[in-house]
$ cat final04.cif   # mmCIF, C-alpha atoms and all ligand atoms
data_entry
loop_
_atom_site.label_atom_id
_atom_site.label_comp_id
_atom_site.auth_asym_id
_atom_site.auth_seq_id
_atom_site.Cartn_x
_atom_site.Cartn_y
_atom_site.Cartn_z
CA MET A 1 150.73 -21.18 115.52
CA SER A 2 147.49 -23.16 115.21
CA ASP A 3 144.63 -23.85 117.61
CA SER A 4 146.16 -27.29 118.19
CA THR A 5 149.36 -25.76 119.65
CA GLU A 6 149.99 -27.37 123.03
CA ILE A 7 149.73 -24.85 125.85
CA ARG A 8 151.45 -25.71 129.14
CA LYS A 9 149.43 -23.55 131.52
CA GLY A 10 151.63 -22.42 134.40
CA LEU A 11 154.56 -23.73 132.29
CA VAL A 12 153.95 -27.12 133.94
CA GLY A 13 156.68 -29.52 132.88
CA VAL A 14 158.43 -26.98 130.63
CA VAL A 15 162.24 -27.05 130.78
CA ALA A 16 163.12 -23.38 130.25
CA ASP A 17 166.96 -23.54 130.46
CA THR A 18 169.86 -25.39 132.02
CA THR A 19 171.23 -24.51 135.46
CA ALA A 20 174.32 -25.57 137.39
CA VAL A 21 173.10 -24.01 140.64
CA SER A 22 170.90 -26.76 142.06
CA LYS A 23 169.26 -30.03 141.11
CA VAL A 24 165.80 -30.99 142.34
CA ASN A 25 165.42 -34.73 141.82
CA VAL A 26 161.88 -35.93 142.40
CA GLU A 27 162.73 -39.58 141.71
CA THR A 28 165.24 -39.75 144.57
CA ASN A 29 163.51 -36.97 146.53
CA SER A 30 166.80 -35.12 146.81
CA LEU A 31 168.11 -31.60 146.40
CA LEU A 32 171.69 -30.78 145.52
CA TYR A 33 173.28 -27.32 145.75
CA ARG A 34 176.21 -27.31 143.31
CA GLY A 35 176.32 -31.09 143.73
CA TYR A 36 176.14 -31.25 147.55
CA PRO A 37 173.04 -32.77 149.22
CA VAL A 38 171.22 -30.02 151.08
CA GLN A 39 170.86 -32.17 154.22
CA GLU A 40 174.64 -32.50 154.36
CA LEU A 41 175.09 -28.75 153.97
CA ALA A 42 172.49 -28.08 156.69
CA ALA A 43 174.35 -30.40 159.08
CA MET A 44 177.93 -29.40 158.29
CA CYS A 45 177.96 -25.81 157.00
CA SER A 46 176.81 -22.38 158.10
CA PHE A 47 174.50 -20.27 155.94
CA GLU A 48 177.53 -18.08 155.12
CA GLU A 49 179.32 -21.11 153.65
CA VAL A 50 176.22 -22.10 151.67
CA VAL A 51 175.93 -18.58 150.24
CA ASN A 52 179.53 -18.73 149.04
CA LEU A 53 179.01 -22.20 147.58
CA LEU A 54 175.95 -21.10 145.62
CA TRP A 55 177.70 -17.99 144.29
CA ARG A 56 181.12 -19.43 143.50
CA GLY A 57 180.19 -22.98 142.49
CA ASP A 58 182.55 -24.53 145.07
CA LEU A 59 182.99 -24.37 148.82
CA ALA A 60 185.05 -21.27 149.63
CA THR A 61 188.61 -21.63 150.85
CA PRO A 62 189.15 -20.51 154.48
CA ASP A 63 190.58 -17.19 153.22
CA GLU A 64 187.72 -16.55 150.81
CA LEU A 65 185.20 -17.38 153.51
CA ALA A 66 186.91 -15.15 156.08
CA ARG A 67 186.90 -12.22 153.61
CA SER A 68 183.24 -12.73 152.76
CA ILE A 69 182.24 -13.00 156.44
CA ALA A 70 184.22 -9.86 157.34
CA ARG A 71 182.56 -7.90 154.53
CA GLU A 72 179.08 -9.10 155.53
CA ARG A 73 179.69 -8.15 159.16
CA SER A 74 180.88 -4.67 158.16
CA HIS A 75 177.63 -3.89 156.30
CA ARG A 76 175.00 -4.84 158.88
CA GLU A 77 173.96 -1.28 159.79
CA LEU A 78 171.17 0.48 157.88
CA GLY A 79 172.09 3.92 156.54
CA ASP A 80 170.12 7.05 157.52
CA ARG A 81 168.34 7.43 154.19
CA LEU A 82 167.22 3.81 154.14
CA MET A 83 166.03 4.06 157.76
CA GLY A 84 164.21 7.30 156.91
CA VAL A 85 162.31 5.68 154.03
CA ILE A 86 161.39 2.63 156.10
CA GLU A 87 160.20 4.83 158.97
CA ARG A 88 157.98 6.85 156.64
CA LEU A 89 156.06 3.77 155.45
CA PRO A 90 152.67 3.30 157.18
CA ASP A 91 152.78 1.10 160.30
CA GLU A 92 150.27 -1.22 158.61
CA SER A 93 152.58 -1.91 155.61
CA HIS A 94 153.13 -5.62 155.18
CA PRO A 95 156.72 -6.49 156.14
CA MET A 96 157.25 -7.91 152.63
CA ASP A 97 156.39 -4.47 151.21
CA VAL A 98 158.90 -2.92 153.61
CA VAL A 99 161.64 -5.35 152.58
CA ARG A 100 160.84 -4.84 148.89
CA THR A 101 160.99 -1.06 149.34
CA ALA A 102 164.27 -1.34 151.28
CA VAL A 103 165.91 -3.22 148.39
CA SER A 104 164.57 -0.65 145.95
CA VAL A 105 166.12 2.15 148.03
CA MET A 106 169.45 0.29 148.11
CA GLY A 107 169.28 0.06 144.32
CA GLY A 108 168.59 3.78 144.05
CA GLU A 109 171.57 4.50 146.29
CA ASP A 110 173.99 2.35 144.26
CA PRO A 111 175.47 4.44 141.43
CA THR A 112 176.66 1.27 139.70
CA ALA A 113 173.39 -0.65 140.04
CA TRP A 114 173.90 -2.28 136.64
CA SER A 115 176.77 -4.69 136.29
CA ASP A 116 177.34 -8.03 134.62
CA ASP A 117 180.58 -8.63 136.49
CA PRO A 118 180.04 -11.64 138.81
CA GLU A 119 182.40 -10.22 141.45
CA GLU A 120 180.49 -6.92 141.55
CA ILE A 121 177.12 -8.70 141.65
CA ARG A 122 178.31 -10.86 144.56
CA ASP A 123 179.42 -7.74 146.39
CA LYS A 124 176.02 -6.05 145.97
CA ALA A 125 174.34 -9.27 147.05
CA LEU A 126 176.52 -9.62 150.14
CA ILE A 127 175.50 -6.13 151.23
CA LEU A 128 171.84 -7.10 150.83
CA ILE A 129 172.46 -10.30 152.80
CA ALA A 130 174.07 -8.17 155.52
CA LYS A 131 171.27 -5.57 155.72
CA ILE A 132 168.05 -7.59 155.36
CA PRO A 133 168.31 -8.99 158.93
CA ALA A 134 168.43 -5.40 160.23
CA VAL A 135 165.32 -4.55 158.19
CA VAL A 136 163.45 -7.62 159.48
CA ALA A 137 164.58 -6.97 163.05
CA TYR A 138 163.59 -3.30 162.80
CA ILE A 139 160.09 -4.23 161.57
CA GLN A 140 159.48 -6.72 164.37
CA ARG A 141 160.80 -4.40 167.09
CA HIS A 142 158.89 -1.40 165.70
CA ARG A 143 155.65 -3.45 165.73
CA ARG A 144 156.29 -4.17 169.41
CA GLY A 145 157.20 -0.57 170.29
CA LEU A 146 160.83 -1.53 170.96
CA PRO A 147 163.98 0.38 169.92
CA MET A 148 166.35 -0.95 167.27
CA ILE A 149 169.36 -2.96 168.45
CA ALA A 150 172.80 -2.45 166.92
CA PRO A 151 174.33 -5.42 165.10
CA ARG A 152 177.18 -7.40 166.71
CA ASP A 153 180.16 -8.13 164.50
CA ASP A 154 181.39 -10.82 166.89
CA LEU A 155 178.34 -12.95 166.01
CA GLY A 156 177.77 -15.11 162.96
CA TYR A 157 174.93 -14.40 160.54
CA ALA A 158 172.20 -16.47 162.27
CA ALA A 159 173.13 -15.44 165.82
CA ASN A 160 173.29 -11.76 164.86
CA PHE A 161 169.91 -11.97 163.06
CA LEU A 162 168.31 -13.34 166.25
CA TRP A 163 170.27 -10.92 168.46
CA MET A 164 169.06 -7.88 166.51
CA THR A 165 165.46 -9.15 166.57
CA PHE A 166 165.19 -10.27 170.19
CA GLY A 167 168.08 -8.52 171.99
CA GLU A 168 169.41 -11.80 173.37
CA GLU A 169 172.09 -14.19 172.25
CA PRO A 170 170.13 -17.24 171.13
CA PRO A 171 170.59 -20.65 172.76
CA GLU A 172 172.59 -22.91 170.44
CA VAL A 173 169.56 -25.08 169.64
CA VAL A 174 167.66 -22.03 168.38
CA ARG A 175 170.62 -20.62 166.47
CA LYS A 176 171.20 -23.96 164.76
CA ALA A 177 167.53 -24.43 163.82
CA PHE A 178 167.46 -20.92 162.33
CA ASP A 179 170.70 -21.49 160.44
CA VAL A 180 169.35 -24.80 159.07
CA SER A 181 166.18 -23.07 157.87
CA MET A 182 168.29 -20.44 156.09
CA THR A 183 170.26 -23.14 154.29
CA LEU A 184 167.11 -25.04 153.29
CA TYR A 185 165.39 -21.91 151.95
CA ALA A 186 168.45 -20.64 150.06
CA GLU A 187 167.85 -22.20 146.64
CA HIS A 188 165.35 -24.29 144.67
CA SER A 189 166.02 -24.19 140.90
CA PHE A 190 163.41 -22.48 138.68
CA ASN A 191 160.75 -21.73 141.30
CA ALA A 192 158.45 -18.77 140.56
CA SER A 193 160.52 -16.06 142.29
CA THR A 194 163.83 -17.25 140.86
CA PHE A 195 162.32 -17.45 137.40
CA THR A 196 161.00 -13.90 137.90
CA ALA A 197 164.53 -12.74 138.78
CA ARG A 198 165.82 -14.45 135.65
CA VAL A 199 163.12 -12.88 133.43
CA VAL A 200 164.00 -9.39 134.70
CA THR A 201 167.74 -10.07 134.33
CA SER A 202 167.19 -11.38 130.79
CA THR A 203 166.16 -7.86 129.70
CA LEU A 204 169.56 -6.65 131.00
CA SER A 205 167.86 -4.76 133.80
CA ASP A 206 169.88 -4.25 136.99
CA TYR A 207 170.48 -6.58 139.97
CA TYR A 208 168.18 -4.73 142.40
CA SER A 209 165.27 -4.67 139.93
CA ALA A 210 165.54 -8.44 139.61
CA ILE A 211 165.55 -8.88 143.41
CA VAL A 212 162.63 -6.48 143.91
CA ALA A 213 160.59 -8.39 141.33
CA ALA A 214 161.56 -11.72 142.92
CA ILE A 215 160.41 -10.46 146.33
CA GLY A 216 157.05 -9.58 144.76
CA ALA A 217 156.74 -13.12 143.39
CA LEU A 218 157.79 -14.72 146.68
CA LYS A 219 155.15 -12.77 148.64
CA GLY A 220 152.24 -14.75 147.18
CA PRO A 221 150.69 -17.48 149.37
CA LEU A 222 151.13 -20.13 146.68
CA HIS A 223 154.91 -19.56 147.01
CA GLY A 224 156.85 -18.05 149.94
CA GLY A 225 153.80 -16.48 151.58
CA ALA A 226 152.70 -20.00 152.52
CA ASN A 227 154.92 -20.10 155.63
CA GLU A 228 152.87 -17.25 157.13
CA ALA A 229 149.65 -18.90 155.97
CA VAL A 230 150.63 -22.16 157.74
CA MET A 231 150.82 -20.32 161.05
CA ARG A 232 147.45 -18.66 160.47
CA THR A 233 146.03 -22.14 159.78
CA PHE A 234 147.51 -23.39 163.08
CA ASP A 235 145.99 -20.37 164.88
CA GLU A 236 142.61 -21.03 163.25
CA ILE A 237 142.60 -24.73 164.13
CA GLY A 238 143.77 -24.07 167.69
CA SER A 239 144.50 -27.61 168.85
CA ALA A 240 144.96 -31.16 167.55
CA ASP A 241 141.45 -32.25 168.55
CA ASN A 242 139.94 -29.63 166.23
CA VAL A 243 141.82 -30.83 163.12
CA VAL A 244 139.10 -33.15 161.77
CA PRO A 245 136.15 -30.72 161.96
CA TRP A 246 138.37 -27.87 160.72
CA LEU A 247 139.57 -29.91 157.74
CA ASP A 248 136.03 -31.13 156.93
CA ASP A 249 134.92 -27.53 156.69
CA ALA A 250 138.02 -26.28 154.84
CA LEU A 251 137.76 -28.98 152.18
CA ALA A 252 133.99 -28.50 151.88
CA HIS A 253 134.75 -24.87 151.06
CA LYS A 254 137.49 -25.96 148.60
CA ARG A 255 140.17 -24.16 150.58
CA LYS A 256 143.84 -24.79 149.85
CA ILE A 257 145.60 -26.23 152.90
CA MET A 258 148.69 -24.08 153.15
CA GLY A 259 152.09 -25.73 153.49
CA PHE A 260 150.96 -28.78 151.52
CA GLY A 261 151.56 -29.61 147.86
CA HIS A 262 154.29 -28.68 145.45
CA ARG A 263 154.60 -28.11 141.73
CA VAL A 264 157.58 -30.44 141.40
CA TYR A 265 157.59 -32.84 144.37
CA LYS A 266 154.53 -35.05 144.40
CA ARG A 267 155.67 -37.51 147.08
CA GLY A 268 157.09 -35.12 149.66
CA ASP A 269 159.54 -32.23 149.71
CA SER A 270 163.22 -33.24 150.04
CA ARG A 271 163.80 -30.53 152.67
CA VAL A 272 160.95 -31.38 155.02
CA PRO A 273 162.65 -34.16 157.07
CA THR A 274 165.59 -31.85 157.87
CA MET A 275 163.38 -28.91 158.81
CA LYS A 276 161.03 -31.18 160.78
CA ALA A 277 164.01 -32.45 162.78
CA ALA A 278 164.98 -28.83 163.51
CA LEU A 279 161.37 -28.06 164.51
CA ASP A 280 161.39 -31.05 166.86
CA THR A 281 164.45 -29.66 168.65
CA LEU A 282 162.61 -26.36 169.11
CA ILE A 283 159.45 -28.09 170.33
CA ALA A 284 161.56 -29.90 172.95
CA HIS A 285 163.45 -26.70 173.87
CA TYR A 286 160.31 -24.61 174.32
CA ASP A 287 158.31 -27.58 175.73
CA ARG A 288 155.42 -27.22 173.27
CA PRO A 289 153.99 -30.71 172.70
CA ASP A 290 150.71 -29.01 171.71
CA ILE A 291 152.37 -27.72 168.52
CA ALA A 292 153.80 -31.16 167.77
CA ALA A 293 150.35 -32.71 168.23
CA LEU A 294 148.65 -30.19 165.94
CA TYR A 295 151.41 -30.54 163.32
CA ASP A 296 151.19 -34.34 163.28
CA ALA A 297 147.38 -34.45 163.36
CA LEU A 298 146.94 -32.07 160.40
CA GLU A 299 149.64 -33.82 158.39
CA ALA A 300 148.21 -37.30 159.03
CA GLU A 301 144.64 -36.24 158.30
CA PHE A 302 145.38 -34.26 155.12
CA VAL A 303 147.89 -36.71 153.66
CA GLY A 304 145.49 -39.56 154.51
CA ARG A 305 142.60 -37.90 152.72
CA LYS A 306 144.36 -36.31 149.73
CA GLY A 307 147.79 -37.89 149.36
CA ILE A 308 149.26 -34.36 149.19
CA TYR A 309 152.43 -33.97 151.30
CA PRO A 310 153.89 -31.08 153.32
CA ASN A 311 156.35 -28.68 151.70
CA LEU A 312 159.15 -26.77 153.46
CA ASP A 313 156.79 -24.03 154.60
CA TYR A 314 154.87 -26.50 156.79
CA PRO A 315 157.65 -27.11 159.39
CA SER A 316 159.33 -23.71 158.98
CA GLY A 317 156.16 -21.72 159.87
CA PRO A 318 155.79 -23.18 163.40
CA ALA A 319 159.60 -23.15 163.80
CA TYR A 320 159.76 -19.37 163.29
CA HIS A 321 156.73 -18.96 165.56
CA LEU A 322 158.49 -20.86 168.35
CA MET A 323 161.61 -18.73 167.90
CA GLY A 324 159.42 -15.70 168.63
CA PHE A 325 159.01 -14.08 165.20
CA ASP A 326 155.68 -12.42 164.36
CA THR A 327 153.89 -14.38 161.64
CA GLU A 328 154.18 -11.49 159.13
CA LEU A 329 157.98 -11.76 159.38
CA PHE A 330 158.19 -15.35 158.13
CA THR A 331 158.26 -14.55 154.40
CA PRO A 332 160.79 -11.70 154.84
CA ILE A 333 163.04 -14.29 156.55
CA PHE A 334 162.61 -16.44 153.43
CA VAL A 335 163.75 -13.40 151.38
CA ALA A 336 166.87 -13.03 153.54
CA SER A 337 167.82 -16.58 152.64
CA ARG A 338 166.63 -16.83 149.01
CA ILE A 339 168.71 -13.78 148.00
CA ALA A 340 171.49 -16.37 147.88
CA GLY A 341 169.77 -18.47 145.21
CA TRP A 342 168.37 -15.50 143.27
CA THR A 343 171.87 -14.03 143.05
CA ALA A 344 173.39 -17.28 141.78
CA HIS A 345 170.71 -17.44 139.07
CA ILE A 346 171.13 -13.79 138.13
CA GLN A 347 174.86 -14.44 137.60
CA GLU A 348 174.09 -17.55 135.56
CA GLN A 349 171.44 -15.78 133.44
CA LEU A 350 173.86 -12.95 132.63
CA ALA A 351 176.64 -15.37 131.74
CA HIS A 352 174.46 -17.10 129.09
CA ASN A 353 171.75 -14.55 128.45
CA ALA A 354 168.80 -14.91 126.11
CA LEU A 355 165.76 -12.64 126.46
CA ILE A 356 162.95 -14.66 128.09
CA ARG A 357 159.83 -14.06 126.06
CA PRO A 358 157.37 -16.92 125.49
CA LEU A 359 154.49 -16.89 123.00
CA SER A 360 150.76 -16.89 123.66
CA LEU A 361 147.83 -18.23 121.69
CA TYR A 362 145.29 -15.44 121.16
CA ASP A 363 141.74 -16.36 122.23
CA GLY A 364 140.13 -12.89 122.34
CA PRO A 365 137.49 -11.44 119.97
CA ALA A 366 138.01 -11.77 116.20
CA GLU A 367 139.06 -8.58 114.40
CA ARG A 368 136.32 -5.92 114.60
CA HIS A 369 135.96 -2.17 113.93
CA ILE A 370 134.70 1.01 115.58
CA ASP A 371 131.33 2.19 114.18
CA GLY A 372 131.72 4.97 111.61
CA TYR A 373 135.38 4.31 110.89
CA THR A 374 136.18 3.85 107.21
CA ALA A 375 139.70 2.83 106.54
CA ASP A 376 139.75 3.49 102.77
CA ALA A 377 143.04 3.69 101.05
CA ALA A 378 142.80 7.46 100.39
CA SER A 379 142.35 8.46 104.05
CA LEU A 380 145.14 6.16 105.14
CA GLU A 381 147.40 7.75 102.51
CA ALA A 382 146.45 11.25 103.71
CA ALA A 383 147.17 10.31 107.32
CA THR A 384 150.53 8.90 106.35
CA ARG A 385 151.41 12.07 104.40
CA GLN A 386 150.38 14.29 107.35
CA GLU A 387 152.53 12.23 109.69
CA GLU A 388 155.51 12.49 107.35
CA MET A 389 155.11 16.30 107.13
CA ALA A 390 154.78 16.58 110.94
CA GLY A 391 157.77 14.30 111.49
C1 LIG B 401 158.46 -22.81 149.23
C2 LIG B 401 157.29 -22.98 148.35
O1 LIG B 401 156.98 -22.11 147.60
S1 LIG B 401 156.47 -24.47 148.38
C3 LIG B 401 154.78 -24.10 147.93
C4 LIG B 401 154.10 -23.33 149.02
N1 LIG B 401 152.66 -23.15 148.70
C5 LIG B 401 151.69 -23.70 149.43
O2 LIG B 401 151.91 -24.39 150.41
C6 LIG B 401 150.30 -23.35 149.00
C7 LIG B 401 149.39 -24.58 148.98
N2 LIG B 401 149.72 -25.44 147.86
C8 LIG B 401 149.29 -25.18 146.60
O3 LIG B 401 148.53 -24.24 146.35
C9 LIG B 401 149.74 -26.09 145.47
O4 LIG B 401 150.08 -27.36 145.96
C10 LIG B 401 150.93 -25.49 144.71
C11 LIG B 401 150.56 -24.11 144.14
C12 LIG B 401 152.13 -25.33 145.62
C13 LIG B 401 151.33 -26.43 143.58
O5 LIG B 401 150.29 -26.38 142.70
P1 LIG B 401 150.25 -27.17 141.32
O6 LIG B 401 151.49 -27.81 140.95
O7 LIG B 401 149.71 -26.19 140.34
O8 LIG B 401 149.27 -28.31 141.65
P2 LIG B 401 147.75 -28.20 141.55
O9 LIG B 401 147.26 -26.93 142.17
O10 LIG B 401 147.40 -28.41 140.10
O11 LIG B 401 147.29 -29.43 142.41
C14 LIG B 401 146.68 -30.58 141.90
C15 LIG B 401 145.42 -30.86 142.69
O12 LIG B 401 145.75 -30.93 144.08
C16 LIG B 401 145.03 -29.94 144.81
N3 LIG B 401 145.93 -29.34 145.78
C17 LIG B 401 147.24 -29.10 145.64
N4 LIG B 401 147.70 -28.54 146.75
C18 LIG B 401 146.68 -28.44 147.60
C19 LIG B 401 146.55 -27.94 148.90
N5 LIG B 401 147.59 -27.43 149.55
N6 LIG B 401 145.34 -27.97 149.49
C20 LIG B 401 144.27 -28.49 148.84
N7 LIG B 401 144.34 -28.98 147.61
C21 LIG B 401 145.54 -28.95 146.99
C22 LIG B 401 144.62 -28.89 143.77
O13 LIG B 401 143.49 -28.18 144.19
C23 LIG B 401 144.38 -29.76 142.57
O14 LIG B 401 143.12 -30.36 142.73
P3 LIG B 401 142.16 -30.60 141.44
O15 LIG B 401 142.96 -31.45 140.51
O16 LIG B 401 140.96 -31.24 142.03
O17 LIG B 401 141.92 -29.23 140.90
O1 LIG B 402 160.28 -24.90 143.83
C1 LIG B 402 159.20 -24.33 144.00
O2 LIG B 402 158.31 -24.23 143.11
C2 LIG B 402 158.85 -23.70 145.29
C3 LIG B 402 159.82 -24.04 146.37
O3 LIG B 402 159.76 -25.08 146.98
C4 LIG B 402 160.88 -23.09 146.64
O4 LIG B 402 161.01 -22.07 145.95
O5 LIG B 402 161.66 -23.32 147.60
#
$ encode --input "final04.cif" --output "structure tokens" --more "lines below"
Ligand SMILES: CC(=O)SCCNC(=O)CCNC(=O)[C@H](O)C(C)(C)COP(=O)(O)OP(=O)(O)OC[C@H]1O[C@@H](n2cnc3c(N)ncnc32)[C@H](O)[C@@H]1OP(=O)(O)O
Ligand SMILES: O=C([O-])CC(=O)C(=O)O
Amino acid sequence: MSDSTEIRKGLVGVVADTTAVSKVNVETNSLLYRGYPVQELAAMCSFEEVVNLLWRGDLATPDELARSIARERSHRELGDRLMGVIERLPDESHPMDVVRTAVSVMGGEDPTAWSDDPEEIRDKALILIAKIPAVVAYIQRHRRGLPMIAPRDDLGYAANFLWMTFGEEPPEVVRKAFDVSMTLYAEHSFNASTFTARVVTSTLSDYYSAIVAAIGALKGPLHGGANEAVMRTFDEIGSADNVVPWLDDALAHKRKIMGFGHRVYKRGDSRVPTMKAALDTLIAHYDRPDIAALYDALEAEFVGRKGIYPNLDYPSGPAYHLMGFDTELFTPIFVASRIAGWTAHIQEQLAHNALIRPLSLYDGPAERHIDGYTADAASLEAATRQEEMAG
């Protein structure tokens, strides 16, 4: 490798492998899960159906779907040990740390954590999908001094998630908006957290280790953590009439405007129109034109100045806020959904595995030596002989 070797910092533009899970097409600004446009899936399918599609490669038959739904519903309770560990974490722990720890505990409890059998991996994943809503709901209720609510196996995934968090059956408009967000967040090719899961899997480590690592990658504000950061930005700005002075100051201080920009999409994120439509239904339901005004004003001003467009985190942040989730819960909700995509990629990585290990070009100090050290041939020989005798 010479000094002229091309380095793609951040792996920008590098095609690392093939995938049959999803296709992000920037030319047509579209996203396909296993060939189906994500907008179509959001309109026509539940999150449970999308999970099965991502994992199996095709839409599940009614029998397959019914079995998967029944199994998910039967695993929604958190066991005593898991609850005990979560309860012992400090109250100030970030909810992402709690979720990451919860998955780690589930891995420790699973005697067959390692498996390369797709059926077994899907089963482990389904149990995670079933339990993460209880973890998220527990965190939010604990923060508010409220007791945990038992899951309801007569409710679908989205309705039960909201039931356990808020103790009320959600109005259909809220349930649908939440379900749509889960579908939109479920999968996005080789994003940083999915690639992390694939790197861990490529060493033949176990399923839970890959998910724990992926959660760590998702937490960062340049990735999944941006949905929380969007809401903090909204809180900071306060109202639409403060957008211009706020943005003047933020840009003068070279701040990143969270919820805008994307590594792959440069002319807008394929998922934003669908999530914005869901947000609009929530704004109408909760009668919050102030949020719509702030959203539109920041988008118009920032896009106008920089030509950088909103990503999915921009509409989903205020949507989760309107539903009543604490801001710190937004990225854990993203986890609950993205487990679907991570799992599909873990299966795919195992099916065609090659250890992921790129090269680097060294640019540290030239070779140098510690003062007083003389590496003459005789002393090296003596050291080698001593080692041989000891060994
Ligand atoms: C679900 C998801 O994970 S979507 C991503 C969520 N993340 C965010 O919303 C965080 C805010 N956005 C960003 O930080 C970036 O747009 C990223 C990390 C998402 C993509 O970054 P990259 O592909 O590396 O683009 P990059 O950072 O090189 O951007 C190019 C230029 O646009 C600027 N830029 C990009 N996004 C933003 C932004 N949100 N605010 C201000 N400037 C931005 C960069 O500073 C850079 O400017 P420069 O050329 O003067 O240095
Ligand atoms: O693809 C990316 O880099 C980030 C993203 O939008 C996602 O993971 O949903």
$ closest_residue --input "final04.cif" --among "A:Cys45, A:Leu350, A:Leu59, A:Met96" --to "A:Gly220" --atoms "only C-alpha atoms"
A:Met96
$ residues_near_ligand --input "final04.cif" --ligand "ligand LIG 402 (chain B)" --cutoff "6 Å" --atoms "all atoms listed in the file" --output "ChimeraX atom specification"
/A:185,188,191,223,263
$ write_last_selection --input "final04.cif" --atoms "C-alpha atoms" --output "compact mmCIF listing (two decimals), in the coordinates of the input"
# COMPACT_ATOMS: atom_id res chain seq x y z
CA TYR A 185 165.39 -21.91 151.95
CA HIS A 188 165.35 -24.29 144.67
CA ASN A 191 160.75 -21.73 141.30
CA HIS A 223 154.91 -19.56 147.01
CA ARG A 263 154.60 -28.11 141.73
$ closest_atom_pairs --input "final04.cif" --of "chain A" --to "ligand LIG 401 (chain B)" --cutoff "6 Å" --atoms "all atoms listed in the file" --output "Markdown table"
| residue | atom | partner | partner_atom | distance |
| --- | --- | --- | --- | --- |
| A:Pro221 | CA | B:LIG401 | C6 | 5.9 |
| A:Leu222 | CA | B:LIG401 | N1 | 3.9 |
| A:His223 | CA | B:LIG401 | O1 | 3.3 |
| A:Gly224 | CA | B:LIG401 | O1 | 4.7 |
| A:Ala226 | CA | B:LIG401 | C5 | 4.9 |
| A:Lys256 | CA | B:LIG401 | N6 | 3.5 |
| A:Ile257 | CA | B:LIG401 | N6 | 3.8 |
| A:Met258 | CA | B:LIG401 | O2 | 4.2 |
| A:Gly259 | CA | B:LIG401 | O2 | 3.4 |
| A:Phe260 | CA | B:LIG401 | N5 | 4.1 |
| A:Gly261 | CA | B:LIG401 | O4 | 3.3 |
| A:His262 | CA | B:LIG401 | C12 | 4.0 |
| A:Arg263 | CA | B:LIG401 | O6 | 3.2 |
| A:Asn311 | CA | B:LIG401 | S1 | 5.4 |
| A:Leu312 | CA | B:LIG401 | C1 | 5.8 |
| A:Asp313 | CA | B:LIG401 | C1 | 5.8 |
$ residues_near_point --input "final04.cif" --point "(178.5, -5.5, 139.2)" --cutoff "12 Å" --atoms "all atoms listed in the file" --output "count of residues only"
26
$ closest_residue --input "final04.cif" --among "A:Glu77, A:Asp363, A:Glu40, A:Glu348" --to "A:Arg198" --atoms "only C-alpha atoms"
A:Glu348
$ atom_distance --input "final04.cif" --atom1 "atom CA of A:Ile127" --atom2 "atom CA of A:Gly324"
25.6 Å
$ residues_around --input "final04.cif" --residues "A:Ile129" --least-positions-apart "4" --cutoff "8 Å" --atoms "only C-alpha atoms" --output "ChimeraX atom specification"
/A:72,125,133,336-337,339-340
$ atom_distance --input "final04.cif" --atom1 "atom CA of A:Asn227" --atom2 "atom CA of A:Gly317"
4.7 Å
$ closest_residue --input "final04.cif" --among "A:Ser4, A:Asn160, A:Ser74, A:Ser181" --to "A:Leu361" --atoms "all atoms listed in the file"
A:Ser4
$ closest_residue --input "final04.cif" --among "A:Tyr320, A:Gly268, A:Ala130, A:Lys276" --to "A:Gly307" --atoms "all atoms listed in the file"
A:Gly268
$ closest_residue --input "final04.cif" --among "A:Lys9, A:Asp241, A:Ala250, A:Ile211" --to "A:Thr101" --atoms "only C-alpha atoms"
A:Ile211
$ closest_residue --input "final04.cif" --among "A:Asp63, A:Asp290, A:Asp235, A:Asp58" --to "A:Gly35" --atoms "all atoms listed in the file"
A:Asp58
$ residues_around --input "final04.cif" --residues "A:Leu65" --least-positions-apart "5" --cutoff "10 Å" --atoms "all atoms listed in the file" --output "JSON list (two decimals) with C-alpha atoms, keeping the file's coordinate frame"
[["chain", "number", "residue", "atom", "x", "y", "z"],
["A", 48, "GLU", "CA", 177.53, -18.08, 155.12],
["A", 49, "GLU", "CA", 179.32, -21.11, 153.65],
["A", 51, "VAL", "CA", 175.93, -18.58, 150.24],
["A", 52, "ASN", "CA", 179.53, -18.73, 149.04],
["A", 53, "LEU", "CA", 179.01, -22.20, 147.58],
["A", 59, "LEU", "CA", 182.99, -24.37, 148.82],
["A", 60, "ALA", "CA", 185.05, -21.27, 149.63],
["A", 70, "ALA", "CA", 184.22, -9.86, 157.34],
["A", 71, "ARG", "CA", 182.56, -7.90, 154.53]]
$ residues_around --input "final04.cif" --residues "stretch 177-179 of chain A" --least-positions-apart "4" --cutoff "8 Å" --atoms "only C-alpha atoms" --output "ChimeraX atom specification"
/A:42,46-47,158,173,183,275,278-279,281-282,320
$ residues_around --input "final04.cif" --residues "A:Val26" --least-positions-apart "2" --cutoff "8 Å" --atoms "all atoms listed in the file" --output "list in words"
Val24, Thr28, Asn29, Ser30, Val264, Tyr265, Lys266 and Arg267 of chain A
$ residues_around --input "final04.cif" --residues "A:Leu11" --least-positions-apart "3" --cutoff "12 Å" --atoms "all atoms listed in the file" --output "list of chain:residue names"
A:Glu6, A:Ile7, A:Arg8, A:Val14, A:Val15, A:Ala16, A:Phe190, A:Asn191, A:Ala192, A:Phe195, A:Arg263, A:Val264, A:Pro358, A:Leu359, A:Ser360
$ atom_distance --input "final04.cif" --atom1 "atom CA of A:Ser93" --atom2 "atom CA of A:Pro318"
22.9 Å
$ closest_atom_pairs --input "final04.cif" --of "stretch 225-280 of chain A" --to "stretch 294-303 of chain A" --cutoff "9 Å" --atoms "all atoms listed in the file" --output "tab-separated table"
residue	atom	partner	partner_atom	distance
A:Phe234	CA	A:Leu294	CA	7.5
A:Ile237	CA	A:Leu294	CA	8.3
A:Gly238	CA	A:Leu294	CA	8.0
A:Ser239	CA	A:Leu294	CA	5.7
A:Ala240	CA	A:Leu294	CA	4.1
A:Asp241	CA	A:Leu294	CA	7.9
A:Asn242	CA	A:Leu294	CA	8.7
A:Val243	CA	A:Leu298	CA	5.9
A:Val244	CA	A:Glu301	CA	7.2
A:Leu247	CA	A:Phe302	CA	7.7
A:Ile257	CA	A:Phe302	CA	8.3
A:Phe260	CA	A:Phe302	CA	8.6
